[in-house]
file data_34.txt (compact mmCIF, C-alpha atoms)
# COMPACT_ATOMS: atom_id res chain seq x y z
CA MET V 61 -39.37 -82.70 6.08
CA LYS V 62 -37.90 -81.79 9.51
CA PHE V 63 -38.72 -85.25 10.81
CA THR V 64 -36.82 -86.85 7.89
CA LYS V 65 -33.72 -84.69 8.60
CA LYS V 66 -33.77 -85.74 12.27
CA ILE V 67 -33.90 -89.43 11.30
CA ALA V 68 -31.01 -88.96 8.87
CA PHE V 69 -28.96 -87.16 11.54
CA ALA V 70 -29.66 -89.88 14.11
CA SER V 71 -28.68 -92.59 11.60
CA ALA V 72 -25.38 -90.83 10.83
CA SER V 73 -24.57 -90.45 14.53
CA LEU V 74 -25.37 -94.12 15.16
CA ALA V 75 -23.11 -95.15 12.27
CA LEU V 76 -20.21 -93.16 13.73
CA THR V 77 -20.80 -94.69 17.16
CA LEU V 78 -20.84 -98.24 15.81
CA ALA V 79 -17.72 -97.64 13.69
CA THR V 80 -15.58 -96.56 16.65
CA PRO V 81 -15.21 -99.96 18.45
CA ALA V 82 -14.14 -101.63 15.17
CA ALA V 83 -11.51 -98.95 14.57
CA LEU V 84 -10.21 -99.27 18.11
CA LEU V 85 -10.08 -103.07 17.80
CA THR V 86 -7.88 -102.74 14.70
CA GLN V 87 -5.60 -100.23 16.47
CA ASN V 88 -5.29 -102.45 19.55
CA ALA V 89 -4.29 -105.37 17.33
CA ALA V 90 -1.55 -103.22 15.76
CA PHE V 91 -0.52 -102.04 19.22
CA ALA V 92 0.11 -105.61 20.35
CA LYS V 93 2.44 -106.50 17.46
CA THR V 94 6.13 -106.95 18.25
CA THR V 95 9.02 -108.01 16.04
CA THR V 96 12.67 -108.89 16.58
CA VAL V 97 15.52 -107.23 14.70
CA LYS V 98 19.27 -107.63 14.69
CA GLN V 99 21.54 -104.73 15.60
CA ALA V 100 25.27 -104.54 14.83
CA THR V 101 27.47 -104.55 17.94
CA LYS V 102 30.90 -104.95 16.32
CA VAL V 103 32.40 -104.16 12.91
CA LYS V 104 35.74 -104.72 11.16
CA VAL V 105 37.32 -102.44 8.54
CA THR V 106 37.50 -104.14 5.13
CA LYS V 107 39.38 -101.45 3.17
CA LYS V 108 43.06 -100.55 3.43
CA THR V 109 42.03 -97.29 5.11
CA THR V 110 38.64 -95.71 5.68
CA PRO V 111 37.84 -92.20 6.96
CA PHE V 112 36.41 -91.34 10.34
CA TYR V 113 33.26 -89.25 9.88
CA HIS V 114 31.46 -86.63 11.95
CA LYS V 115 27.70 -86.86 12.61
CA ASP V 116 27.04 -84.45 9.72
CA GLY V 117 28.85 -86.74 7.26
CA SER V 118 32.04 -84.66 7.01
CA LYS V 119 35.45 -86.33 7.40
CA PHE V 120 37.98 -85.71 10.14
CA THR V 121 40.91 -83.60 8.88
CA LYS V 122 44.66 -83.39 9.59
CA LYS V 123 44.10 -80.09 11.40
CA LYS V 124 41.31 -81.65 13.45
CA PRO V 125 41.89 -85.42 13.46
CA TYR V 126 40.08 -88.09 15.39
CA VAL V 127 41.74 -88.24 18.81
CA TYR V 128 41.59 -91.11 21.27
CA GLY V 129 43.91 -90.82 24.24
CA SER V 130 47.29 -89.94 22.69
CA TRP V 131 46.46 -91.61 19.34
CA LYS V 132 45.49 -89.33 16.43
CA SER V 133 44.35 -90.21 12.92
CA THR V 134 41.95 -89.26 10.14
CA VAL V 135 41.44 -92.89 9.09
CA ALA V 136 40.83 -96.37 10.45
CA TYR V 137 42.97 -99.26 9.16
CA LYS V 138 42.07 -102.60 7.57
CA ASN V 139 41.07 -105.45 9.90
CA THR V 140 40.73 -103.13 12.90
CA SER V 141 37.64 -104.01 14.94
CA TYR V 142 35.35 -101.48 16.62
CA ASN V 143 32.46 -101.84 19.03
CA VAL V 144 29.27 -100.24 17.72
CA VAL V 145 27.21 -97.98 19.97
CA LYS V 146 24.40 -97.43 17.47
CA THR V 147 23.50 -97.48 13.77
CA VAL V 148 22.43 -94.21 12.13
CA THR V 149 21.58 -92.82 8.71
CA ILE V 150 23.45 -89.74 7.47
CA LYS V 151 22.42 -88.20 4.14
CA GLY V 152 20.78 -91.45 3.07
CA ALA V 153 23.80 -93.66 3.89
CA LYS V 154 24.23 -96.08 6.80
CA TYR V 155 26.93 -95.38 9.40
CA TYR V 156 28.06 -97.03 12.64
CA TYR V 157 28.75 -94.83 15.65
CA ILE V 158 31.89 -96.11 17.44
CA GLY V 159 32.01 -93.51 20.21
CA ASN V 160 34.06 -90.35 20.73
CA ASP V 161 32.07 -88.45 18.07
CA ALA V 162 33.30 -90.78 15.31
CA TYR V 163 31.34 -92.75 12.71
CA LEU V 164 32.36 -95.38 10.14
CA LYS V 165 30.52 -95.83 6.86
CA ALA V 166 28.76 -99.21 6.61
CA SER V 167 30.10 -99.78 3.09
CA ASP V 168 33.69 -99.66 4.42
CA VAL V 169 33.25 -102.30 7.11
CA LYS V 170 31.67 -105.69 7.75
CA VAL V 171 29.53 -106.63 10.72
CA THR V 172 31.23 -109.27 12.88
CA ALA V 173 28.77 -109.39 15.81
CA THR V 174 25.10 -108.60 16.36
CA LYS V 175 22.45 -108.77 19.04
CA THR V 176 18.73 -109.44 18.76
CA VAL V 177 16.37 -106.83 20.18
CA LYS V 178 12.60 -106.53 20.32
CA SER V 179 10.89 -103.85 18.28
CA SER V 180 7.24 -103.02 18.89
CA SER V 181 4.70 -100.87 17.06
CA THR V 182 3.54 -99.30 20.34
CA SER V 183 4.35 -95.73 19.36
CA SER V 184 2.70 -95.82 15.95
CA ALA V 185 -0.34 -97.62 17.33
CA LYS V 186 -0.80 -94.98 19.99
CA LYS V 187 -0.54 -92.21 17.41
CA ALA V 188 -3.03 -93.95 15.14
CA SER V 189 -5.43 -94.47 18.03
CA THR V 190 -5.14 -90.86 19.14
CA SER V 191 -5.54 -89.54 15.61
CA SER V 192 -8.58 -91.74 14.92
CA SER V 193 -10.13 -90.84 18.27
CA LYS V 194 -9.70 -87.12 17.64
CA THR V 195 -11.14 -87.37 14.12
CA THR V 196 -14.24 -89.30 15.27
CA SER V 197 -14.67 -86.98 18.23
CA LYS V 198 -14.52 -83.90 15.99
CA LYS V 199 -17.08 -85.32 13.54
CA THR V 200 -19.50 -86.30 16.31
CA SER V 201 -19.05 -83.05 18.20
CA SER V 202 -19.47 -81.00 15.03
CA SER V 203 -22.73 -82.72 14.19
CA ALA V 204 -24.04 -82.58 17.76
CA SER V 205 -22.79 -79.19 19.02
CA LYS V 206 -20.27 -76.56 17.79
CA THR V 207 -20.02 -75.12 21.30
CA SER V 208 -19.01 -78.48 22.78
CA SER V 209 -16.35 -78.90 20.08
CA LYS V 210 -14.84 -75.51 20.88
CA LYS V 211 -14.68 -76.32 24.60
CA THR V 212 -13.06 -79.70 23.92
CA SER V 213 -10.54 -78.11 21.55
CA SER V 214 -9.74 -75.40 24.08
CA THR V 215 -9.26 -77.92 26.88
CA SER V 216 -7.07 -80.13 24.67
CA SER V 217 -4.96 -77.15 23.61
CA SER V 218 -4.53 -76.04 27.21
CA SER V 219 -3.54 -79.57 28.25
CA LYS V 220 -1.00 -79.82 25.41
CA SER V 221 0.47 -76.44 26.29
CA SER V 222 0.81 -77.43 29.94
CA SER V 223 2.34 -80.80 29.04
CA SER V 224 4.76 -79.18 26.58
CA SER V 225 5.82 -76.59 29.15
CA SER V 226 6.39 -79.27 31.78
CA SER V 227 8.36 -81.43 29.35
CA SER V 228 10.47 -78.45 28.30
CA LYS V 229 11.37 -77.65 31.91
CA LYS V 230 12.39 -81.24 32.63
CA THR V 231 14.51 -81.48 29.47
CA SER V 232 16.30 -78.17 30.01
CA SER V 233 17.30 -79.12 33.56
CA LYS V 234 19.27 -82.18 32.43
CA LYS V 235 22.81 -82.02 31.04
CA THR V 236 24.65 -84.81 29.29
CA VAL V 237 28.40 -85.20 29.86
CA THR V 238 30.30 -85.23 26.55
CA GLN V 239 33.99 -84.95 27.56
CA ILE V 240 36.11 -85.72 30.63
CA GLN V 241 39.74 -85.36 31.74
CA VAL V 242 41.69 -87.68 34.03
CA THR V 243 42.60 -85.96 37.33
CA LYS V 244 44.61 -88.73 38.97
CA LYS V 245 48.17 -89.76 38.07
CA THR V 246 46.74 -92.99 36.67
CA THR V 247 43.26 -94.47 36.79
CA PRO V 248 42.16 -97.98 35.67
CA PHE V 249 40.10 -98.80 32.62
CA TYR V 250 37.03 -100.79 33.70
CA HIS V 251 34.78 -103.36 32.04
CA LYS V 252 30.99 -102.95 32.13
CA ASP V 253 30.81 -105.37 35.10
CA GLY V 254 33.12 -103.13 37.16
CA SER V 255 36.23 -105.32 36.80
CA LYS V 256 39.56 -103.77 35.76
CA PHE V 257 41.52 -104.47 32.60
CA THR V 258 44.56 -106.65 33.33
CA LYS V 259 48.09 -107.01 31.92
CA LYS V 260 47.08 -110.31 30.32
CA SER V 261 44.00 -108.71 28.79
CA PRO V 262 44.74 -104.97 28.63
CA TYR V 263 42.69 -102.25 27.02
CA VAL V 264 43.73 -102.11 23.35
CA TYR V 265 43.16 -99.28 20.92
CA GLN V 266 44.85 -99.17 17.50
CA GLY V 267 47.94 -101.00 18.72
CA TRP V 268 48.16 -99.01 21.97
CA LYS V 269 47.83 -101.20 25.07
CA SER V 270 47.38 -100.21 28.69
CA THR V 271 45.49 -101.05 31.86
CA VAL V 272 45.28 -97.39 32.95
CA ALA V 273 44.56 -93.89 31.65
CA TYR V 274 47.00 -91.09 32.48
CA LYS V 275 46.51 -87.71 34.16
CA GLY V 276 45.51 -84.87 31.85
CA THR V 277 44.27 -87.20 29.09
CA LYS V 278 40.89 -86.20 27.67
CA TYR V 279 38.21 -88.63 26.56
CA LYS V 280 34.93 -88.22 24.71
CA VAL V 281 31.98 -89.68 26.62
CA SER V 282 29.32 -91.79 24.90
CA LYS V 283 27.11 -92.29 27.95
CA THR V 284 26.99 -92.21 31.74
CA ILE V 285 26.06 -95.36 33.65
CA THR V 286 25.99 -96.79 37.17
CA ILE V 287 27.98 -99.92 38.01
CA LYS V 288 27.61 -101.31 41.55
CA ASN V 289 26.22 -97.97 42.76
CA LYS V 290 29.19 -96.04 41.33
CA LYS V 291 29.06 -93.61 38.42
CA TYR V 292 31.15 -94.41 35.32
CA TYR V 293 31.66 -92.81 31.93
CA TYR V 294 31.69 -94.99 28.81
CA ILE V 295 34.50 -93.86 26.48
CA GLY V 296 33.94 -96.43 23.74
CA ASN V 297 35.59 -99.75 22.80
CA SER V 298 34.22 -101.54 25.89
CA ALA V 299 36.07 -99.25 28.33
CA TYR V 300 34.74 -97.21 31.25
CA LEU V 301 36.33 -94.64 33.56
CA LYS V 302 35.19 -94.05 37.14
CA ALA V 303 33.62 -90.61 37.66
CA SER V 304 35.60 -90.05 40.87
CA ALA V 305 38.90 -90.26 38.93
CA VAL V 306 38.03 -87.64 36.31
CA LYS V 307 36.49 -84.21 35.92
CA VAL V 308 33.82 -83.12 33.46
CA ILE V 309 35.11 -80.52 30.99
CA ALA V 310 32.20 -80.46 28.51
CA SER V 311 28.49 -81.19 28.56
CA LYS V 312 25.38 -80.41 26.54

call {"tool": "encode", "arguments": {"input": "data_34.txt", "output": "structure tokens"}}
result
Amino acid sequence: MKFTKKIAFASASLALTLATPAALLTQNAAFAKTTTVKQATKVKVTKKTTPFYHKDGSKFTKKKPYVYGSWKSTVAYKNTSYNVVKTVTIKGAKYYYIGNDAYLKASDVKVTATKTVKSSSTSSAKKASTSSSKTTSKKTSSSASKTSSKKTSSTSSSSKSSSSSSSSKKTSSKKTVTQIQVTKKTTPFYHKDGSKFTKKSPYVYQGWKSTVAYKGTKYKVSKTITIKNKKYYYIGNSAYLKASAVKVIASK
């Protein structure tokens, strides 16, 4: 009877061992898959007026309107075009983030420009591989030795804790600039290649045209980038301000 149990146990262990390569092969195949998708880069308002929204889905109000430079409004107007920073979902509806904490609802605009980007299943494949590996490892360890399983679990937990702590420290040490204020009398608006806006092709926002920003004006920052070894802040609508010409007044 004991001999029969040993044979059964050995057969089960062998089955688990042989199943693992096949599972990993399937996961690796999924890991290698990549697809291409189109992302909106520019939209145009199709309604007479459409509200500006916050990231929680609430609308800008008259008391707290959307502000860009000296221009204030709670709505965007028909046929006005906006550059899209990213596409998000808020309460089940699609929105386009246009910078400066403002979003436009997808149903109120039409996409006028897109770009093609690669999308891979790397993340999900890794998770599947890790999950499958842990499950197989637990089954094998449980059948072979409870003590070994406990040690492995303890080591894994310790490693996760250490990794989480390290990640937390790195994240907390970084701050993202969210708002700036011009410190010079005037400072140029720049393109992403580092060139300045010109009188023939000035920076345009809702009918307001200029090649420069004025002292004391505040701008919301979408991201910080480096152009030709100089730091710039992206303020939306294809315009950048040089870090040396402004001061940071808010960050997160």

call {"tool": "residues_near_point", "arguments": {"input": "data_34.txt", "point": "(33.1, -94.1, 32.2)", "cutoff": "8 Å", "atoms": "all atoms listed in the file", "output": "PyMOL selection string"}}
result
chain V and resi 250+281+283-285+291-295+299-303

call {"tool": "closest_residue", "arguments": {"input": "data_34.txt", "among": "V:Ser298, V:Thr247, V:Gln99, V:Ser311", "to": "Val148 (chain V)", "atoms": "only C-alpha atoms"}}
result
V:Gln99

call {"tool": "atom_distance", "arguments": {"input": "data_34.txt", "atom1": "CA of Gly159 (chain V)", "atom2": "CA of Lys119 (chain V)"}}
result
15.1 Å

call {"tool": "residues_around", "arguments": {"input": "data_34.txt", "residues": "Ala100 (chain V)", "least_positions_apart": "3", "cutoff": "7 Å", "atoms": "all atoms listed in the file", "output": "PyMOL selection string"}}
result
chain V and resi 144+171+173-175

call {"tool": "write_last_selection", "arguments": {"input": "data_34.txt", "atoms": "C-alpha atoms", "output": "compact mmCIF listing (two decimals), keeping the file's coordinate frame"}}
result
# COMPACT_ATOMS: atom_id res chain seq x y z
CA VAL V 144 29.27 -100.24 17.72
CA VAL V 171 29.53 -106.63 10.72
CA ALA V 173 28.77 -109.39 15.81
CA THR V 174 25.10 -108.60 16.36
CA LYS V 175 22.45 -108.77 19.04

call {"tool": "closest_residue", "arguments": {"input": "data_34.txt", "among": "V:Ala136, V:Val169, V:Thr236, V:Lys178", "to": "Thr95 (chain V)", "atoms": "all atoms listed in the file"}}
result
V:Lys178

call {"tool": "closest_residue", "arguments": {"input": "data_34.txt", "among": "V:Val237, V:Val242, V:Val103, V:Ile287", "to": "Ala273 (chain V)", "atoms": "only C-alpha atoms"}}
result
V:Val242

call {"tool": "atom_distance", "arguments": {"input": "data_34.txt", "atom1": "CA of Lys307 (chain V)", "atom2": "CA of Val264 (chain V)"}}
result
23.0 Å

call {"tool": "atom_distance", "arguments": {"input": "data_34.txt", "atom1": "CA of Lys151 (chain V)", "atom2": "CA of Ser118 (chain V)"}}
result
10.6 Å

call {"tool": "residues_around", "arguments": {"input": "data_34.txt", "residues": "His114 (chain V)", "least_positions_apart": "2", "cutoff": "10 Å", "atoms": "only C-alpha atoms", "output": "PyMOL selection string"}}
result
chain V and resi 111-112+116-120+126+150+157+160-164
